[in-house]
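J.: For reference, this is my_file.pdb, and it has PDB, C-alpha atoms, pLDDT in the B column.
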```pdb
ATOM      1  CA  MET A   1       3.743  18.370   5.055  1.00 68.00           C
ATOM      2  CA  THR A   2       2.037  17.666   1.737  1.00 86.00           C
ATOM      3  CA  ALA A   3       1.371  14.083   0.701  1.00 96.00           C
ATOM      4  CA  LEU A   4       3.428  12.181  -1.859  1.00 98.00           C
ATOM      5  CA  THR A   5       1.465  11.773  -5.108  1.00 98.00           C
ATOM      6  CA  LYS A   6       1.885  10.073  -8.485  1.00 98.00           C
ATOM      7  CA  SER A   7       3.155  13.247 -10.137  1.00 97.00           C
ATOM      8  CA  GLU A   8       6.068  13.503  -7.687  1.00 98.00           C
ATOM      9  CA  MET A   9       6.887   9.832  -8.254  1.00 98.00           C
ATOM     10  CA  ALA A  10       6.973  10.446 -12.017  1.00 98.00           C
ATOM     11  CA  GLU A  11       9.130  13.535 -11.473  1.00 98.00           C
ATOM     12  CA  ARG A  12      11.604  11.404  -9.492  1.00 98.00           C
ATOM     13  CA  LEU A  13      11.811   8.843 -12.355  1.00 97.00           C
ATOM     14  CA  PHE A  14      12.507  11.715 -14.748  1.00 97.00           C
ATOM     15  CA  GLU A  15      15.234  13.190 -12.507  1.00 97.00           C
ATOM     16  CA  GLU A  16      16.930  10.005 -11.294  1.00 96.00           C
ATOM     17  CA  LEU A  17      16.547   7.621 -14.215  1.00 96.00           C
ATOM     18  CA  GLY A  18      16.203  10.056 -17.097  1.00 95.00           C
ATOM     19  CA  LEU A  19      12.893   8.602 -18.324  1.00 95.00           C
ATOM     20  CA  ASN A  20      11.014  11.164 -20.383  1.00 94.00           C
ATOM     21  CA  LYS A  21       7.993  12.666 -18.649  1.00 95.00           C
ATOM     22  CA  ARG A  22       5.444  10.662 -20.636  1.00 95.00           C
ATOM     23  CA  GLU A  23       7.236   7.362 -19.942  1.00 95.00           C
ATOM     24  CA  ALA A  24       7.633   8.233 -16.282  1.00 97.00           C
ATOM     25  CA  LYS A  25       3.924   9.018 -15.903  1.00 97.00           C
ATOM     26  CA  GLU A  26       2.975   5.815 -17.725  1.00 96.00           C
ATOM     27  CA  ILE A  27       5.198   3.623 -15.529  1.00 97.00           C
ATOM     28  CA  VAL A  28       3.743   5.106 -12.337  1.00 98.00           C
ATOM     29  CA  GLU A  29       0.197   4.516 -13.665  1.00 98.00           C
ATOM     30  CA  LEU A  30       1.039   0.928 -14.657  1.00 98.00           C
ATOM     31  CA  PHE A  31       2.659   0.258 -11.274  1.00 98.00           C
ATOM     32  CA  PHE A  32      -0.577   0.952  -9.392  1.00 98.00           C
ATOM     33  CA  GLU A  33      -2.828  -0.487 -12.101  1.00 98.00           C
ATOM     34  CA  GLU A  34      -1.028  -3.853 -12.183  1.00 98.00           C
ATOM     35  CA  ILE A  35      -1.267  -4.112  -8.387  1.00 98.00           C
ATOM     36  CA  ARG A  36      -5.023  -3.353  -8.564  1.00 98.00           C
ATOM     37  CA  THR A  37      -5.504  -5.934 -11.325  1.00 97.00           C
ATOM     38  CA  SER A  38      -3.726  -8.632  -9.332  1.00 97.00           C
ATOM     39  CA  LEU A  39      -5.827  -7.889  -6.225  1.00 97.00           C
ATOM     40  CA  GLU A  40      -8.998  -7.805  -8.333  1.00 95.00           C
ATOM     41  CA  ASN A  41      -8.093 -11.334  -9.475  1.00 95.00           C
ATOM     42  CA  ASN A  42      -7.806 -12.397  -5.828  1.00 96.00           C
ATOM     43  CA  GLU A  43      -4.038 -12.646  -6.046  1.00 97.00           C
ATOM     44  CA  GLN A  44      -1.954 -11.351  -3.137  1.00 98.00           C
ATOM     45  CA  VAL A  45       0.850  -8.878  -3.991  1.00 98.00           C
ATOM     46  CA  LYS A  46       4.219  -9.296  -2.234  1.00 98.00           C
ATOM     47  CA  LEU A  47       6.701  -6.449  -2.571  1.00 98.00           C
ATOM     48  CA  SER A  48       9.775  -7.484  -0.615  1.00 96.00           C
ATOM     49  CA  GLY A  49      11.245  -4.732   1.546  1.00 95.00           C
ATOM     50  CA  PHE A  50       7.977  -2.794   1.352  1.00 98.00           C
ATOM     51  CA  GLY A  51       5.089  -5.038   2.313  1.00 98.00           C
ATOM     52  CA  ASN A  52       2.305  -7.394   1.253  1.00 98.00           C
ATOM     53  CA  PHE A  53      -1.190  -6.567   0.033  1.00 98.00           C
ATOM     54  CA  ASP A  54      -3.376  -9.424   1.236  1.00 98.00           C
ATOM     55  CA  LEU A  55      -7.031 -10.237   0.592  1.00 97.00           C
ATOM     56  CA  ARG A  56      -9.600 -11.283   3.176  1.00 96.00           C
ATOM     57  CA  ASP A  57     -13.091 -12.563   2.549  1.00 94.00           C
ATOM     58  CA  LYS A  58     -15.612 -11.407   5.127  1.00 93.00           C
ATOM     59  CA  SER A  59     -18.963 -13.080   5.530  1.00 91.00           C
ATOM     60  CA  GLN A  60     -22.228 -11.194   5.875  1.00 91.00           C
ATOM     61  CA  ARG A  61     -22.772  -9.697   9.334  1.00 91.00           C
ATOM     62  CA  PRO A  62     -25.540  -7.732  11.034  1.00 92.00           C
ATOM     63  CA  GLY A  63     -25.253  -3.966  10.892  1.00 91.00           C
ATOM     64  CA  ARG A  64     -27.338  -0.892  11.566  1.00 91.00           C
ATOM     65  CA  ASN A  65     -28.111   2.347   9.840  1.00 90.00           C
ATOM     66  CA  PRO A  66     -26.419   4.736  12.275  1.00 90.00           C
ATOM     67  CA  LYS A  67     -28.990   7.463  11.562  1.00 92.00           C
ATOM     68  CA  THR A  68     -32.218   5.508  11.913  1.00 93.00           C
ATOM     69  CA  GLY A  69     -31.063   2.562  14.041  1.00 91.00           C
ATOM     70  CA  GLU A  70     -32.686   0.267  11.483  1.00 92.00           C
ATOM     71  CA  GLU A  71     -31.077  -3.180  11.175  1.00 91.00           C
ATOM     72  CA  ILE A  72     -29.527  -3.857   7.769  1.00 91.00           C
ATOM     73  CA  PRO A  73     -27.165  -6.732   7.016  1.00 91.00           C
ATOM     74  CA  ILE A  74     -23.652  -5.818   5.843  1.00 89.00           C
ATOM     75  CA  SER A  75     -23.127  -7.967   2.760  1.00 89.00           C
ATOM     76  CA  ALA A  76     -20.277 -10.450   2.315  1.00 91.00           C
ATOM     77  CA  ARG A  77     -17.230  -8.685   0.907  1.00 92.00           C
ATOM     78  CA  ARG A  78     -13.578  -9.021   0.046  1.00 95.00           C
ATOM     79  CA  VAL A  79     -11.179  -6.467   1.516  1.00 96.00           C
ATOM     80  CA  VAL A  80      -7.530  -5.536   0.952  1.00 97.00           C
ATOM     81  CA  THR A  81      -5.182  -5.348   3.915  1.00 98.00           C
ATOM     82  CA  PHE A  82      -1.594  -4.133   3.893  1.00 98.00           C
ATOM     83  CA  ARG A  83       1.078  -5.803   6.010  1.00 98.00           C
ATOM     84  CA  PRO A  84       4.255  -3.709   6.048  1.00 98.00           C
ATOM     85  CA  GLY A  85       7.498  -5.668   5.663  1.00 97.00           C
ATOM     86  CA  GLN A  86      10.214  -5.809   8.339  1.00 96.00           C
ATOM     87  CA  LYS A  87      12.422  -3.325   6.510  1.00 96.00           C
ATOM     88  CA  LEU A  88       9.693  -0.683   6.135  1.00 97.00           C
ATOM     89  CA  LYS A  89       8.514  -1.196   9.730  1.00 96.00           C
ATOM     90  CA  ALA A  90      12.058  -0.711  11.047  1.00 94.00           C
ATOM     91  CA  ARG A  91      12.526   2.470   9.019  1.00 94.00           C
ATOM     92  CA  VAL A  92       9.187   3.949  10.085  1.00 94.00           C
ATOM     93  CA  GLU A  93       9.704   3.088  13.773  1.00 90.00           C
ATOM     94  CA  GLU A  94      12.654   5.441  13.803  1.00 80.00           C
ATOM     95  CA  TYR A  95      10.385   8.323  12.859  1.00 81.00           C
ATOM     96  CA  ALA A  96      10.214  10.463  15.998  1.00 70.00           C
ATOM     97  CA  GLY A  97       8.133  13.317  14.633  1.00 63.00           C
ATOM     98  CA  THR A  98       5.195  14.934  16.375  1.00 56.00           C
ATOM     99  CA  GLU A  99       2.259  12.665  17.102  1.00 48.00           C
ATOM    100  CA  GLN A 100      -0.204  12.653  14.204  1.00 45.00           C
TER     101      GLN A 100
ATOM    102  CA  MET B   1       2.360 -11.603  -7.524  1.00 98.00           C
ATOM    103  CA  THR B   2       5.913 -10.807  -6.475  1.00 98.00           C
ATOM    104  CA  LYS B   3       7.996  -7.721  -7.230  1.00 98.00           C
ATOM    105  CA  SER B   4       9.737  -9.441 -10.143  1.00 97.00           C
ATOM    106  CA  GLU B   5       6.385 -10.578 -11.590  1.00 98.00           C
ATOM    107  CA  LEU B   6       5.080  -7.012 -11.255  1.00 98.00           C
ATOM    108  CA  ILE B   7       8.135  -5.776 -13.169  1.00 97.00           C
ATOM    109  CA  GLU B   8       7.453  -8.327 -15.950  1.00 96.00           C
ATOM    110  CA  MET B   9       3.768  -7.334 -16.147  1.00 96.00           C
ATOM    111  CA  ILE B  10       4.637  -3.652 -16.491  1.00 97.00           C
ATOM    112  CA  ALA B  11       7.388  -4.348 -19.040  1.00 96.00           C
ATOM    113  CA  ALA B  12       4.930  -6.377 -21.147  1.00 96.00           C
ATOM    114  CA  ARG B  13       2.429  -3.528 -21.216  1.00 94.00           C
ATOM    115  CA  GLN B  14       4.666  -0.806 -22.565  1.00 90.00           C
ATOM    116  CA  SER B  15       6.995  -0.682 -25.555  1.00 86.00           C
ATOM    117  CA  GLN B  16       9.692   1.920 -24.873  1.00 89.00           C
ATOM    118  CA  LEU B  17      11.576   0.590 -21.860  1.00 93.00           C
ATOM    119  CA  SER B  18      13.594  -2.576 -21.264  1.00 93.00           C
ATOM    120  CA  SER B  19      12.826  -4.903 -18.340  1.00 94.00           C
ATOM    121  CA  LYS B  20      15.978  -3.576 -16.702  1.00 95.00           C
ATOM    122  CA  ASP B  21      14.708   0.016 -16.923  1.00 96.00           C
ATOM    123  CA  VAL B  22      11.304  -1.032 -15.583  1.00 97.00           C
ATOM    124  CA  GLU B  23      13.033  -2.842 -12.715  1.00 97.00           C
ATOM    125  CA  LEU B  24      14.954   0.320 -11.812  1.00 97.00           C
ATOM    126  CA  ALA B  25      11.763   2.383 -12.050  1.00 98.00           C
ATOM    127  CA  VAL B  26       9.796   0.022  -9.763  1.00 98.00           C
ATOM    128  CA  LYS B  27      12.607   0.007  -7.214  1.00 98.00           C
ATOM    129  CA  THR B  28      12.823   3.804  -7.364  1.00 98.00           C
ATOM    130  CA  ILE B  29       9.058   4.149  -6.798  1.00 98.00           C
ATOM    131  CA  LEU B  30       9.149   1.779  -3.801  1.00 98.00           C
ATOM    132  CA  GLU B  31      12.167   3.564  -2.303  1.00 98.00           C
ATOM    133  CA  HIS B  32      10.429   6.922  -2.796  1.00 98.00           C
ATOM    134  CA  MET B  33       7.334   5.596  -0.978  1.00 98.00           C
ATOM    135  CA  SER B  34       9.390   4.060   1.857  1.00 97.00           C
ATOM    136  CA  SER B  35      11.462   7.184   2.418  1.00 96.00           C
ATOM    137  CA  ALA B  36       8.370   9.417   2.391  1.00 97.00           C
ATOM    138  CA  LEU B  37       6.690   7.268   5.069  1.00 96.00           C
ATOM    139  CA  SER B  38       9.920   7.103   7.076  1.00 95.00           C
ATOM    140  CA  ALA B  39       9.949  10.913   7.099  1.00 95.00           C
ATOM    141  CA  GLY B  40       6.367  10.990   8.382  1.00 94.00           C
ATOM    142  CA  GLU B  41       4.895  11.989   5.022  1.00 96.00           C
ATOM    143  CA  ARG B  42       1.559  10.593   3.816  1.00 97.00           C
ATOM    144  CA  ILE B  43       1.124   9.006   0.380  1.00 98.00           C
ATOM    145  CA  GLU B  44      -2.119   9.623  -1.530  1.00 98.00           C
ATOM    146  CA  ILE B  45      -2.902   7.759  -4.741  1.00 98.00           C
ATOM    147  CA  ARG B  46      -6.408   8.427  -6.028  1.00 96.00           C
ATOM    148  CA  GLY B  47      -8.269   5.222  -6.871  1.00 96.00           C
ATOM    149  CA  PHE B  48      -5.646   3.104  -5.122  1.00 98.00           C
ATOM    150  CA  GLY B  49      -5.457   4.294  -1.532  1.00 98.00           C
ATOM    151  CA  SER B  50      -3.475   6.235   1.010  1.00 98.00           C
ATOM    152  CA  PHE B  51      -0.597   5.333   3.312  1.00 98.00           C
ATOM    153  CA  SER B  52      -0.053   7.107   6.605  1.00 97.00           C
ATOM    154  CA  LEU B  53       1.561   6.469   9.978  1.00 95.00           C
ATOM    155  CA  HIS B  54      -0.387   5.378  13.029  1.00 95.00           C
ATOM    156  CA  TYR B  55       1.028   5.964  16.482  1.00 92.00           C
ATOM    157  CA  ARG B  56       1.284   3.099  18.968  1.00 90.00           C
ATOM    158  CA  GLU B  57       1.283   4.171  22.619  1.00 90.00           C
ATOM    159  CA  PRO B  58       4.145   3.088  24.890  1.00 89.00           C
ATOM    160  CA  ARG B  59       3.193  -0.083  26.755  1.00 88.00           C
ATOM    161  CA  ARG B  60       4.575  -2.713  29.058  1.00 89.00           C
ATOM    162  CA  GLY B  61       5.324  -5.892  27.154  1.00 87.00           C
ATOM    163  CA  ARG B  62       6.913  -9.183  28.063  1.00 89.00           C
ATOM    164  CA  ASN B  63       9.930 -11.045  26.824  1.00 88.00           C
ATOM    165  CA  PRO B  64       8.207 -14.171  25.452  1.00 89.00           C
ATOM    166  CA  LYS B  65      11.173 -16.371  26.436  1.00 91.00           C
ATOM    167  CA  THR B  66      11.770 -15.257  30.016  1.00 92.00           C
ATOM    168  CA  GLY B  67       8.405 -13.696  30.860  1.00 89.00           C
ATOM    169  CA  ASP B  68      10.200 -10.590  32.161  1.00 91.00           C
ATOM    170  CA  ALA B  69       8.327  -7.301  31.843  1.00 91.00           C
ATOM    171  CA  VAL B  70       9.896  -4.840  29.384  1.00 89.00           C
ATOM    172  CA  GLU B  71       8.971  -1.215  28.749  1.00 88.00           C
ATOM    173  CA  LEU B  72       8.144  -0.643  25.081  1.00 85.00           C
ATOM    174  CA  THR B  73       8.407   2.924  23.851  1.00 86.00           C
ATOM    175  CA  GLY B  74       5.784   4.559  21.634  1.00 88.00           C
ATOM    176  CA  LYS B  75       6.321   4.002  17.923  1.00 90.00           C
ATOM    177  CA  TYR B  76       4.851   4.637  14.483  1.00 93.00           C
ATOM    178  CA  VAL B  77       3.569   1.910  12.180  1.00 95.00           C
ATOM    179  CA  PRO B  78       2.609   2.185   8.485  1.00 97.00           C
ATOM    180  CA  HIS B  79      -1.114   2.057   7.727  1.00 98.00           C
ATOM    181  CA  PHE B  80      -2.886   1.597   4.363  1.00 98.00           C
ATOM    182  CA  LYS B  81      -6.456   2.635   3.590  1.00 98.00           C
ATOM    183  CA  PRO B  82      -7.700   1.290   0.240  1.00 98.00           C
ATOM    184  CA  GLY B  83      -9.314   3.842  -2.080  1.00 98.00           C
ATOM    185  CA  LYS B  84     -12.792   3.593  -3.582  1.00 97.00           C
ATOM    186  CA  GLU B  85     -11.832   2.125  -6.962  1.00 97.00           C
ATOM    187  CA  LEU B  86      -9.601  -0.540  -5.382  1.00 97.00           C
ATOM    188  CA  ARG B  87     -12.311  -1.495  -2.852  1.00 97.00           C
ATOM    189  CA  GLU B  88     -14.927  -1.768  -5.588  1.00 96.00           C
ATOM    190  CA  ARG B  89     -12.790  -3.752  -8.014  1.00 96.00           C
ATOM    191  CA  VAL B  90     -11.653  -6.237  -5.355  1.00 96.00           C
ATOM    192  CA  ASN B  91     -15.237  -6.727  -4.246  1.00 93.00           C
ATOM    193  CA  LEU B  92     -16.362  -7.172  -7.853  1.00 91.00           C
ATOM    194  CA  GLY B  93     -13.795  -9.972  -8.105  1.00 83.00           C
ATOM    195  CA  LEU B  94     -15.638 -11.707  -5.266  1.00 86.00           C
ATOM    196  CA  GLN B  95     -19.051 -11.240  -6.972  1.00 84.00           C
ATOM    197  CA  MET B  96     -17.628 -12.766 -10.166  1.00 84.00           C
ATOM    198  CA  GLY B  97     -16.464 -15.801  -8.233  1.00 80.00           C
ATOM    199  CA  LEU B  98     -12.705 -15.247  -8.524  1.00 77.00           C
TER     200      LEU B  98
END
```
Any chance you could give the structure as structure tokens?

T.:
Amino acid sequence: MTALTKSEMAERLFEELGLNKREAKEIVELFFEEIRTSLENNEQVKLSGFGNFDLRDKSQRPGRNPKTGEEIPISARRVVTFRPGQKLKARVEEYAGTEQ
Amino acid sequence: MTKSELIEMIAARQSQLSSKDVELAVKTILEHMSSALSAGERIEIRGFGSFSLHYREPRRGRNPKTGDAVELTGKYVPHFKPGKELRERVNLGLQMGL
């Protein structure tokens, strides 16, 4: 099965809500851009029914270049994690398709 | 930021649609994403990230109240992998002391 992309989301807004194609495309772009901006500003994003995008600060830790075996520290970084909400988890659990 | 704050942010950044229309659009997008994942379909948004399902093997768990063993069947759980632009921007936020 092909993956869901922004263009299909815009198409759905055109079909279901009657937004014109330019508006639909713009709303889909803004949807993801505003989430990125919030996360960039270290602000968690909570979308009830879907899930939360949380931020975690990780301190520097030792690492290795897998090719050479040379030790190089992995710098401190901030990462995004997604915690699916109860409703989404329950819906996905019912999926009984072939193992991915 | 909550869903209603996201709706307000989007409404403020475009001129054609009312807050009500933006609210409907945001809810439609989220429902589209949820139903795709529930049907086992991946979601791929360049610069943001991808959502897919990860399989959890069946295992023996315990009822936390009684301590009785219970058989848990295999199941799928949603998984998100941030894309390059999102990873870089979030990390830049850290460098800038946010």

J.: Using the chain letters and numbering of this document, enumerate as a VMD selection string the residues selected by the ChimeraX specification (/A :<8) & /B.

T.: chain B and resid 1 to 3 6 9 to 10 16 22 24 to 26 28 to 30 32 to 34 36 to 45 48 53 to 55 75 to 80 82 86 to 87 89 to 94 98

J.: One decimal, in Å: what's the spacing between atom CA of Ser19 of chain B and atom CA of Gly18 of chain A?

T.: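 If I compute the distance from atom CA of Ser19 of chain B to atom CA of Gly18 of chain A, I get 15.4 Å.
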
J.: Could you pull the residues within 9 Å of Arg60 of chain B, counting only C-alpha atoms, minus those fewer than 2 positions along the same chain, as an MDAnalysis selection string?

T.: chainID B and resid 58 62 69:73

J.: In Å, with one decimal, what is the gap from atom CA of Ser4 of chain B to atom CA of Asp21 of chain B?

T.: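 Straight-line distance from atom CA of Ser4 of chain B to atom CA of Asp21 of chain B works out to 12.7 Å.
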